[in-house]
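Dropping data_11.txt in here (compact mmCIF, C-alpha atoms):
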```txt
# COMPACT_ATOMS: atom_id res chain seq x y z
CA MET I 1 136.09 -36.70 25.78
CA ALA I 2 134.06 -36.63 22.56
CA THR I 3 130.51 -37.96 22.81
CA LEU I 4 129.34 -40.42 20.14
CA THR I 5 126.77 -39.08 17.68
CA LYS I 6 123.83 -40.70 15.91
CA GLU I 7 126.01 -41.16 12.83
CA PHE I 8 128.24 -43.54 14.80
CA PHE I 9 125.28 -45.98 14.88
CA GLU I 10 124.26 -45.63 11.23
CA ILE I 11 126.30 -48.63 10.14
CA GLU I 12 125.91 -52.39 10.45
CA SER I 13 125.67 -53.81 13.97
CA LEU I 14 128.86 -55.86 13.68
CA GLU I 15 130.92 -52.73 13.00
CA VAL I 16 129.25 -50.76 15.80
CA ALA I 17 129.80 -53.63 18.26
CA LYS I 18 133.53 -53.62 17.48
CA ASP I 19 133.82 -49.83 17.56
CA LEU I 20 132.15 -49.60 21.01
CA ILE I 21 134.91 -51.62 22.67
CA GLY I 22 137.00 -49.27 24.81
CA LYS I 23 134.39 -46.49 24.88
CA MET I 24 133.08 -45.11 28.19
CA ILE I 25 129.43 -45.47 29.08
CA ILE I 26 128.46 -42.75 31.55
CA ARG I 27 125.25 -42.13 33.48
CA ASP I 28 125.12 -38.53 34.70
CA TYR I 29 122.85 -37.92 37.70
CA GLY I 30 123.73 -34.20 37.72
CA GLY I 31 126.61 -32.21 39.14
CA ASP I 32 129.59 -34.41 39.89
CA ASN I 33 127.37 -37.44 40.50
CA LYS I 34 128.26 -39.85 37.67
CA VAL I 35 128.70 -43.59 37.25
CA GLY I 36 130.21 -45.53 34.39
CA GLY I 37 132.89 -47.68 32.95
CA ILE I 38 134.81 -48.89 29.93
CA ILE I 39 132.84 -51.14 27.57
CA TYR I 40 134.79 -54.37 27.15
CA GLN I 41 132.27 -56.77 25.61
CA THR I 42 129.48 -56.33 23.06
CA ASP I 43 127.25 -58.57 20.94
CA ALA I 44 125.88 -57.78 17.48
CA TYR I 45 122.45 -58.96 16.26
CA ALA I 46 120.68 -58.91 12.90
CA LEU I 47 117.45 -60.41 11.54
CA PRO I 48 115.90 -60.32 8.07
CA LYS I 49 113.21 -57.75 7.26
CA ASP I 50 110.42 -60.34 7.57
CA PHE I 51 110.98 -61.13 11.28
CA LYS I 52 108.11 -61.11 13.77
CA VAL I 53 108.00 -58.00 15.96
CA ASP I 54 107.35 -58.62 19.66
CA LYS I 55 108.47 -57.00 22.93
CA ARG I 56 111.91 -58.54 22.54
CA THR I 57 112.45 -57.46 18.93
CA LYS I 58 110.66 -54.09 18.90
CA GLY I 59 114.06 -52.39 18.80
CA ALA I 60 114.03 -53.29 15.11
CA LEU I 61 111.68 -50.41 14.53
CA TYR I 62 113.88 -47.90 16.35
CA PRO I 63 116.11 -45.47 14.46
CA PRO I 64 119.90 -45.75 14.87
CA ALA I 65 121.26 -44.70 18.29
CA THR I 66 117.96 -45.50 20.04
CA ILE I 67 118.07 -47.51 23.25
CA HIS I 68 116.17 -50.77 23.44
CA MET I 69 115.81 -52.00 27.01
CA TYR I 70 115.64 -55.64 26.03
CA PRO I 71 113.56 -57.68 28.49
CA SER I 72 115.00 -60.91 29.89
CA GLN I 73 114.07 -63.29 32.68
CA SER I 74 115.63 -61.35 35.55
CA GLY I 75 115.71 -57.77 34.29
CA HIS I 76 116.57 -55.71 31.25
CA THR I 77 119.65 -55.47 29.08
CA LEU I 78 120.94 -52.43 27.22
CA ALA I 79 120.75 -52.70 23.43
CA ILE I 80 121.16 -49.89 20.92
CA ALA I 81 119.67 -49.82 17.42
CA THR I 82 122.01 -49.54 14.44
CA LEU I 83 121.77 -49.20 10.65
CA MET I 84 118.23 -48.87 9.25
CA PRO I 85 115.02 -48.58 11.30
CA ASP I 86 113.25 -51.27 9.22
CA VAL I 87 115.96 -53.91 9.68
CA TYR I 88 116.64 -55.61 13.02
CA ASN I 89 120.21 -54.60 13.71
CA GLU I 90 121.30 -53.76 17.22
CA ILE I 91 124.13 -54.22 19.61
CA LEU I 92 124.03 -55.39 23.20
CA ILE I 93 126.46 -53.92 25.70
CA ARG I 94 127.36 -57.08 27.63
CA GLN I 95 130.07 -56.01 30.06
CA MET I 96 132.01 -53.02 31.32
CA ILE I 97 134.92 -52.30 33.62
CA PRO I 98 133.53 -49.98 36.35
CA MET I 99 135.60 -46.80 36.54
CA ILE I 100 133.64 -43.92 38.05
CA GLY I 101 131.03 -43.67 40.79
CA ILE I 102 131.78 -47.11 42.18
CA GLU I 103 130.01 -46.48 45.51
CA ARG I 104 126.79 -45.39 43.79
CA MET I 105 127.04 -48.35 41.41
CA LEU I 106 127.31 -50.74 44.37
CA ILE I 107 124.07 -49.27 45.76
CA ASN I 108 122.32 -49.34 42.35
CA GLY I 109 123.44 -52.91 41.72
CA ARG I 110 122.50 -54.02 45.25
CA THR I 111 125.86 -55.68 45.76
CA THR I 112 128.91 -55.31 47.97
CA LYS I 113 131.32 -56.71 45.37
CA GLN I 114 132.79 -54.46 42.71
CA LYS I 115 133.26 -57.44 40.39
CA ASN I 116 129.46 -57.79 40.18
CA LEU I 117 128.90 -54.31 38.73
CA GLY I 118 129.64 -54.87 35.07
CA ASN I 119 130.23 -58.57 34.51
CA GLY I 120 126.95 -59.26 32.74
CA PRO I 121 124.34 -57.31 30.78
CA ILE I 122 121.69 -57.25 33.53
CA LYS I 123 124.21 -56.37 36.25
CA LEU I 124 125.54 -53.59 34.03
CA VAL I 125 122.04 -52.10 33.61
CA LYS I 126 121.32 -52.28 37.34
CA SER I 127 124.67 -50.77 38.36
CA LEU I 128 124.13 -47.83 35.99
CA GLY I 129 120.67 -47.31 37.49
CA LEU I 130 118.79 -47.93 34.24
CA ASN I 131 115.39 -49.58 33.82
CA ALA I 132 112.63 -50.11 31.23
CA ASP I 133 111.81 -46.36 31.30
CA TRP I 134 114.98 -45.72 29.27
CA ASP I 135 113.56 -47.65 26.31
CA SER I 136 113.19 -45.72 23.02
CA ARG I 137 115.43 -42.79 24.05
CA SER I 138 118.32 -41.73 21.84
CA ILE I 139 121.78 -42.35 23.28
CA ALA I 140 123.01 -39.49 21.06
CA GLU I 141 120.91 -36.85 22.85
CA LEU I 142 122.91 -35.33 25.68
CA ASP I 143 120.16 -33.74 27.72
CA TRP I 144 118.92 -36.72 29.72
CA GLY I 145 121.98 -38.23 31.35
CA LEU I 146 123.37 -41.25 29.49
CA SER I 147 126.23 -41.01 27.03
CA LEU I 148 128.90 -42.98 25.23
CA GLU I 149 132.27 -41.26 24.92
CA GLU I 150 135.62 -41.88 23.31
CA HIS I 151 138.15 -43.35 25.73
CA LEU I 152 140.69 -45.98 24.64
CA LYS I 153 142.40 -45.27 21.32
CA ASN I 154 142.53 -48.25 18.93
CA PRO I 155 141.98 -51.03 21.49
CA GLU I 156 142.82 -54.59 20.50
CA VAL I 157 139.72 -56.75 20.33
CA ILE I 158 138.90 -60.44 20.07
CA PHE I 159 136.08 -61.54 17.74
CA GLU I 160 133.96 -64.63 18.41
CA LYS I 161 131.27 -65.88 16.05
CA ASP I 162 130.31 -69.27 17.50
CA ILE I 163 128.77 -68.69 20.93
CA PRO I 164 126.66 -71.56 22.38
CA ASN I 165 122.95 -70.71 22.82
CA ALA I 166 123.39 -67.25 21.28
CA GLY I 167 120.30 -67.45 19.07
CA LYS I 168 119.77 -67.32 15.33
CA ASP I 169 119.94 -63.51 15.19
CA PHE I 170 123.42 -63.40 16.79
CA VAL I 171 126.18 -62.36 14.37
CA GLY I 172 129.20 -61.88 16.63
CA ARG I 173 130.81 -60.88 19.94
CA TYR I 174 133.70 -58.52 20.54
CA THR I 175 135.80 -58.47 23.71
CA LEU I 176 138.62 -56.17 24.74
CA LYS I 177 141.89 -58.11 24.47
CA ASN I 178 144.15 -58.23 27.54
CA LYS I 179 141.48 -56.65 29.68
CA ILE I 180 142.61 -55.72 33.16
CA PHE I 181 139.90 -55.88 35.77
CA PRO I 182 140.09 -53.37 38.61
CA TRP I 183 138.82 -56.11 40.93
CA SER I 184 141.30 -58.79 39.82
CA SER I 185 143.06 -58.67 43.19
CA LEU I 186 139.84 -58.65 45.23
```

Re-express the file's structure as structure tokens.
Amino acid sequence: MATLTKEFFEIESLEVAKDLIGKMIIRDYGGDNKVGGIIYQTDAYALPKDFKVDKRTKGALYPPATIHMYPSQSGHTLAIATLMPDVYNEILIRQMIPMIGIERMLINGRTTKQKNLGNGPIKLVKSLGLNADWDSRSIAELDWGLSLEEHLKNPEVIFEKDIPNAGKDFVGRYTLKNKIFPWSSL
């Protein structure tokens, strides 16, 4: 599978959010020890150049393809900077379908239920074994164990613009259409 490059992220967040649907996110612990899944939901964010920088919006200063471990009330979420480093554009990987390393993901996510591994941005981060230390690293550099790779070809997606309580910087959400959950029969 081809790994996504920095250039993939050098466009507007709304386009990147759509293009990430159906890609594989993989955490490589070394050897055959990997965890990951298919990205099936993303959010796109954008703010004007005059926004206030704080710990939640510092990703605005990151170059494209740089991870922003966005702090929230109960953990961190995985955002990736897009477009220009002086404009707040980033995408949030909201959900994934777990595909590889399920047993390790269950341990990382501190759960016994496979459906709890990727059905929310904080659960996704925990199941991949990520934390705040991953902040400001480039997703396009292959030498430290996290990558995004091509997987589904031309997946059908659903676009939503009006999401309750999404915030003023929210510009849209993409979801894989006709998603099939591996845990649907559990």

Using only C-alpha atoms and a cutoff of 9 Å, can you tell me which residues are near (123.9, -35.5, 35.0) in the file's coordinates, and write them out as a PyMOL selection string? chain I and resi 27-34+143-146

For region 150-163 of chain I, please output as a PyMOL selection string all residues within 6 Å (counting all atoms listed in the file; exclusion window: fewer than 5 positions along the same chain). chain I and resi 1-2+22-24+172-177

Writing out the chosen residues with C-alpha atoms as a PDB file, in the frame of the given file:
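Everything below was put into out.pdb:
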```
ATOM      1  CA  MET I   1     136.090 -36.700  25.780  1.00  0.00           C
ATOM      2  CA  ALA I   2     134.060 -36.630  22.560  1.00  0.00           C
ATOM      3  CA  GLY I  22     137.000 -49.270  24.810  1.00  0.00           C
ATOM      4  CA  LYS I  23     134.390 -46.490  24.880  1.00  0.00           C
ATOM      5  CA  MET I  24     133.080 -45.110  28.190  1.00  0.00           C
ATOM      6  CA  GLY I 172     129.200 -61.880  16.630  1.00  0.00           C
ATOM      7  CA  ARG I 173     130.810 -60.880  19.940  1.00  0.00           C
ATOM      8  CA  TYR I 174     133.700 -58.520  20.540  1.00  0.00           C
ATOM      9  CA  THR I 175     135.800 -58.470  23.710  1.00  0.00           C
ATOM     10  CA  LEU I 176     138.620 -56.170  24.740  1.00  0.00           C
ATOM     11  CA  LYS I 177     141.890 -58.110  24.470  1.00  0.00           C
TER      12      LYS I 177
END
```

Spatial neighbours of region 134-137 of chain I, 12 Å, only C-alpha atoms, chain gap at least 2 places, as an NGL selection string: :I and (6 or 27 or 55-56 or 58-71 or 76-81 or 125 or 128-132 or 139-147)

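CA of Ser74 (chain I) is positioned 23.6 Å from CA of Ile38 (chain I).
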
Could you work out an axis-aligned bounding box for all listed atoms of region 59-77 of chain I, with 8 Å added on each of the six sides, and give its centre and edge lengths in Å to one decimal, as AutoDock Vina command-line options?
```
--center_x 116.5 --center_y -54.0 --center_z 25.0 --size_x 25.6 --size_y 34.6 --size_z 37.1
```

Residue nearest Glu10 (chain I) among I:Leu83, I:Ile39, I:Ile97, I:Ala44 (counting all atoms listed in the file):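 The answer is I:Leu83, which sits nearest to Glu10 (chain I).
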
Taking into account all atoms listed in the file, which residue in the set I:Ala46, I:Leu4, I:Val35, I:Ile107 is nearest to Asn89 (chain I)? I:Ala46

Work out how far apart CA of Thr3 (chain I) and CA of Ile102 (chain I) are and give it in Å to one decimal.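 The value is 21.5 Å.
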
Quick one, how far is CA of Phe51 (chain I) from CA of Lys123 (chain I)? 28.7 Å

Near Val16 (chain I), within 9 Å and counting only C-alpha atoms, which residues show up once chain neighbours fewer than 5 positions away are dropped, as a PyMOL selection string? chain I and resi 8-11+21+44+82+90-91

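Proximity ranking of I:Gly120, I:Tyr40, I:Glu103, I:Gln95 relative to Asn178 (chain I) places I:Tyr40 first, based on only C-alpha atoms.
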
Please write as a tab-separated table (two decimals) with C-alpha atoms, in the coordinates of the input the list of polymer residues whose atoms come within 8 Å of (117.4, -60.6, 9.3), counting only C-alpha atoms and keeping to the coordinates of the file.
```tsv
chain	number	residue	atom	x	y	z
I	46	ALA	CA	120.68	-58.91	12.90
I	47	LEU	CA	117.45	-60.41	11.54
I	48	PRO	CA	115.90	-60.32	8.07
I	49	LYS	CA	113.21	-57.75	7.26
I	50	ASP	CA	110.42	-60.34	7.57
I	51	PHE	CA	110.98	-61.13	11.28
I	87	VAL	CA	115.96	-53.91	9.68
I	88	TYR	CA	116.64	-55.61	13.02
I	89	ASN	CA	120.21	-54.60	13.71
I	169	ASP	CA	119.94	-63.51	15.19
```

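By chain and then residue number, the residues within 7 Å of Arg94 (chain I) are Gln41, Thr42, Asp43, Gly120 and Pro121 of chain I, counting only C-alpha atoms and disregarding those fewer than 4 positions away in sequence.
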
Serialized selection, C-alpha atoms, as a compact mmCIF listing (two decimals), in the coordinates of the input:
```
# COMPACT_ATOMS: atom_id res chain seq x y z
CA GLN I 41 132.27 -56.77 25.61
CA THR I 42 129.48 -56.33 23.06
CA ASP I 43 127.25 -58.57 20.94
CA GLY I 120 126.95 -59.26 32.74
CA PRO I 121 124.34 -57.31 30.78
```

Looking at all atoms listed in the file, which of I:Ser13, I:Asn108, I:Thr57, I:Ser138 is the one that sits closest to Leu124 (chain I)?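 Going through I:Ser13, I:Asn108, I:Thr57, I:Ser138 one by one, the smallest distance to Leu124 (chain I) is for I:Asn108.
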
Atoms are missing here; could region 58-69 of chain I be completed with all heavy atoms and written as a PDB file, in the frame of the given file?
```pdb
ATOM      1  N   LYS I  58     111.207 -55.393  19.313  1.00  0.00           N
ATOM      2  CA  LYS I  58     110.660 -54.090  18.900  1.00  0.00           C
ATOM      3  C   LYS I  58     111.747 -53.062  18.606  1.00  0.00           C
ATOM      4  O   LYS I  58     111.505 -52.091  17.903  1.00  0.00           O
ATOM      5  CB  LYS I  58     109.690 -53.560  19.941  1.00  0.00           C
ATOM      6  CG  LYS I  58     110.340 -53.104  21.232  1.00  0.00           C
ATOM      7  CD  LYS I  58     109.312 -52.571  22.184  1.00  0.00           C
ATOM      8  CE  LYS I  58     109.974 -52.030  23.437  1.00  0.00           C
ATOM      9  NZ  LYS I  58     109.017 -51.423  24.319  1.00  0.00           N
ATOM     10  N   GLY I  59     112.950 -53.281  19.096  1.00  0.00           N
ATOM     11  CA  GLY I  59     114.060 -52.390  18.800  1.00  0.00           C
ATOM     12  C   GLY I  59     114.362 -52.314  17.315  1.00  0.00           C
ATOM     13  O   GLY I  59     115.009 -51.384  16.848  1.00  0.00           O
ATOM     14  N   ALA I  60     113.851 -53.285  16.561  1.00  0.00           N
ATOM     15  CA  ALA I  60     114.030 -53.290  15.110  1.00  0.00           C
ATOM     16  C   ALA I  60     113.391 -52.085  14.462  1.00  0.00           C
ATOM     17  O   ALA I  60     113.800 -51.660  13.388  1.00  0.00           O
ATOM     18  CB  ALA I  60     113.430 -54.558  14.527  1.00  0.00           C
ATOM     19  N   LEU I  61     112.391 -51.542  15.090  1.00  0.00           N
ATOM     20  CA  LEU I  61     111.680 -50.410  14.530  1.00  0.00           C
ATOM     21  C   LEU I  61     112.262 -49.068  14.986  1.00  0.00           C
ATOM     22  O   LEU I  61     111.790 -48.022  14.577  1.00  0.00           O
ATOM     23  CB  LEU I  61     110.203 -50.487  14.908  1.00  0.00           C
ATOM     24  CG  LEU I  61     109.512 -51.798  14.510  1.00  0.00           C
ATOM     25  CD1 LEU I  61     108.082 -51.809  15.003  1.00  0.00           C
ATOM     26  CD2 LEU I  61     109.591 -52.015  13.014  1.00  0.00           C
ATOM     27  N   TYR I  62     113.272 -49.114  15.838  1.00  0.00           N
ATOM     28  CA  TYR I  62     113.880 -47.900  16.350  1.00  0.00           C
ATOM     29  C   TYR I  62     114.928 -47.359  15.378  1.00  0.00           C
ATOM     30  O   TYR I  62     115.649 -48.124  14.747  1.00  0.00           O
ATOM     31  CB  TYR I  62     114.562 -48.160  17.693  1.00  0.00           C
ATOM     32  CG  TYR I  62     113.640 -48.498  18.846  1.00  0.00           C
ATOM     33  CD1 TYR I  62     114.163 -49.011  20.013  1.00  0.00           C
ATOM     34  CD2 TYR I  62     112.270 -48.307  18.771  1.00  0.00           C
ATOM     35  CE1 TYR I  62     113.339 -49.317  21.099  1.00  0.00           C
ATOM     36  CE2 TYR I  62     111.448 -48.615  19.846  1.00  0.00           C
ATOM     37  CZ  TYR I  62     111.987 -49.122  20.999  1.00  0.00           C
ATOM     38  OH  TYR I  62     111.168 -49.416  22.058  1.00  0.00           O
ATOM     39  N   PRO I  63     115.053 -46.038  15.292  1.00  0.00           N
ATOM     40  CA  PRO I  63     116.110 -45.470  14.460  1.00  0.00           C
ATOM     41  C   PRO I  63     117.490 -45.678  15.103  1.00  0.00           C
ATOM     42  O   PRO I  63     117.587 -45.933  16.310  1.00  0.00           O
ATOM     43  CB  PRO I  63     115.757 -43.989  14.384  1.00  0.00           C
ATOM     44  CG  PRO I  63     114.800 -43.736  15.480  1.00  0.00           C
ATOM     45  CD  PRO I  63     114.164 -45.036  15.855  1.00  0.00           C
ATOM     46  N   PRO I  64     118.555 -45.576  14.313  1.00  0.00           N
ATOM     47  CA  PRO I  64     119.900 -45.750  14.870  1.00  0.00           C
ATOM     48  C   PRO I  64     120.141 -44.843  16.081  1.00  0.00           C
ATOM     49  O   PRO I  64     119.651 -43.720  16.139  1.00  0.00           O
ATOM     50  CB  PRO I  64     120.804 -45.352  13.696  1.00  0.00           C
ATOM     51  CG  PRO I  64     119.992 -45.669  12.492  1.00  0.00           C
ATOM     52  CD  PRO I  64     118.581 -45.330  12.875  1.00  0.00           C
ATOM     53  N   ALA I  65     120.874 -45.364  17.042  1.00  0.00           N
ATOM     54  CA  ALA I  65     121.260 -44.700  18.290  1.00  0.00           C
ATOM     55  C   ALA I  65     120.149 -44.698  19.339  1.00  0.00           C
ATOM     56  O   ALA I  65     120.277 -44.086  20.384  1.00  0.00           O
ATOM     57  CB  ALA I  65     121.748 -43.268  18.051  1.00  0.00           C
ATOM     58  N   THR I  66     119.066 -45.431  19.084  1.00  0.00           N
ATOM     59  CA  THR I  66     117.960 -45.500  20.040  1.00  0.00           C
ATOM     60  C   THR I  66     118.132 -46.696  20.961  1.00  0.00           C
ATOM     61  O   THR I  66     118.415 -47.803  20.512  1.00  0.00           O
ATOM     62  CB  THR I  66     116.605 -45.570  19.314  1.00  0.00           C
ATOM     63  OG1 THR I  66     116.505 -44.446  18.442  1.00  0.00           O
ATOM     64  CG2 THR I  66     115.454 -45.563  20.289  1.00  0.00           C
ATOM     65  N   ILE I  67     117.938 -46.459  22.248  1.00  0.00           N
ATOM     66  CA  ILE I  67     118.070 -47.510  23.250  1.00  0.00           C
ATOM     67  C   ILE I  67     116.881 -48.459  23.202  1.00  0.00           C
ATOM     68  O   ILE I  67     115.740 -48.035  23.090  1.00  0.00           O
ATOM     69  CB  ILE I  67     118.179 -46.884  24.663  1.00  0.00           C
ATOM     70  CG1 ILE I  67     119.505 -46.157  24.797  1.00  0.00           C
ATOM     71  CG2 ILE I  67     118.009 -47.932  25.760  1.00  0.00           C
ATOM     72  CD1 ILE I  67     119.651 -45.383  26.086  1.00  0.00           C
ATOM     73  N   HIS I  68     117.189 -49.733  23.297  1.00  0.00           N
ATOM     74  CA  HIS I  68     116.170 -50.770  23.440  1.00  0.00           C
ATOM     75  C   HIS I  68     116.474 -51.505  24.740  1.00  0.00           C
ATOM     76  O   HIS I  68     117.472 -52.210  24.842  1.00  0.00           O
ATOM     77  CB  HIS I  68     116.226 -51.741  22.248  1.00  0.00           C
ATOM     78  CG  HIS I  68     115.278 -52.883  22.369  1.00  0.00           C
ATOM     79  ND1 HIS I  68     115.478 -54.068  21.704  1.00  0.00           N
ATOM     80  CD2 HIS I  68     114.127 -53.039  23.067  1.00  0.00           C
ATOM     81  CE1 HIS I  68     114.492 -54.898  21.980  1.00  0.00           C
ATOM     82  NE2 HIS I  68     113.675 -54.305  22.820  1.00  0.00           N
ATOM     83  N   MET I  69     115.644 -51.296  25.742  1.00  0.00           N
ATOM     84  CA  MET I  69     115.810 -52.000  27.010  1.00  0.00           C
ATOM     85  C   MET I  69     115.196 -53.384  26.824  1.00  0.00           C
ATOM     86  O   MET I  69     114.010 -53.587  27.021  1.00  0.00           O
ATOM     87  CB  MET I  69     115.167 -51.231  28.160  1.00  0.00           C
ATOM     88  CG  MET I  69     115.818 -49.889  28.446  1.00  0.00           C
ATOM     89  SD  MET I  69     117.591 -49.963  28.810  1.00  0.00           S
ATOM     90  CE  MET I  69     117.598 -50.806  30.374  1.00  0.00           C
TER      91      MET I  69
END
```
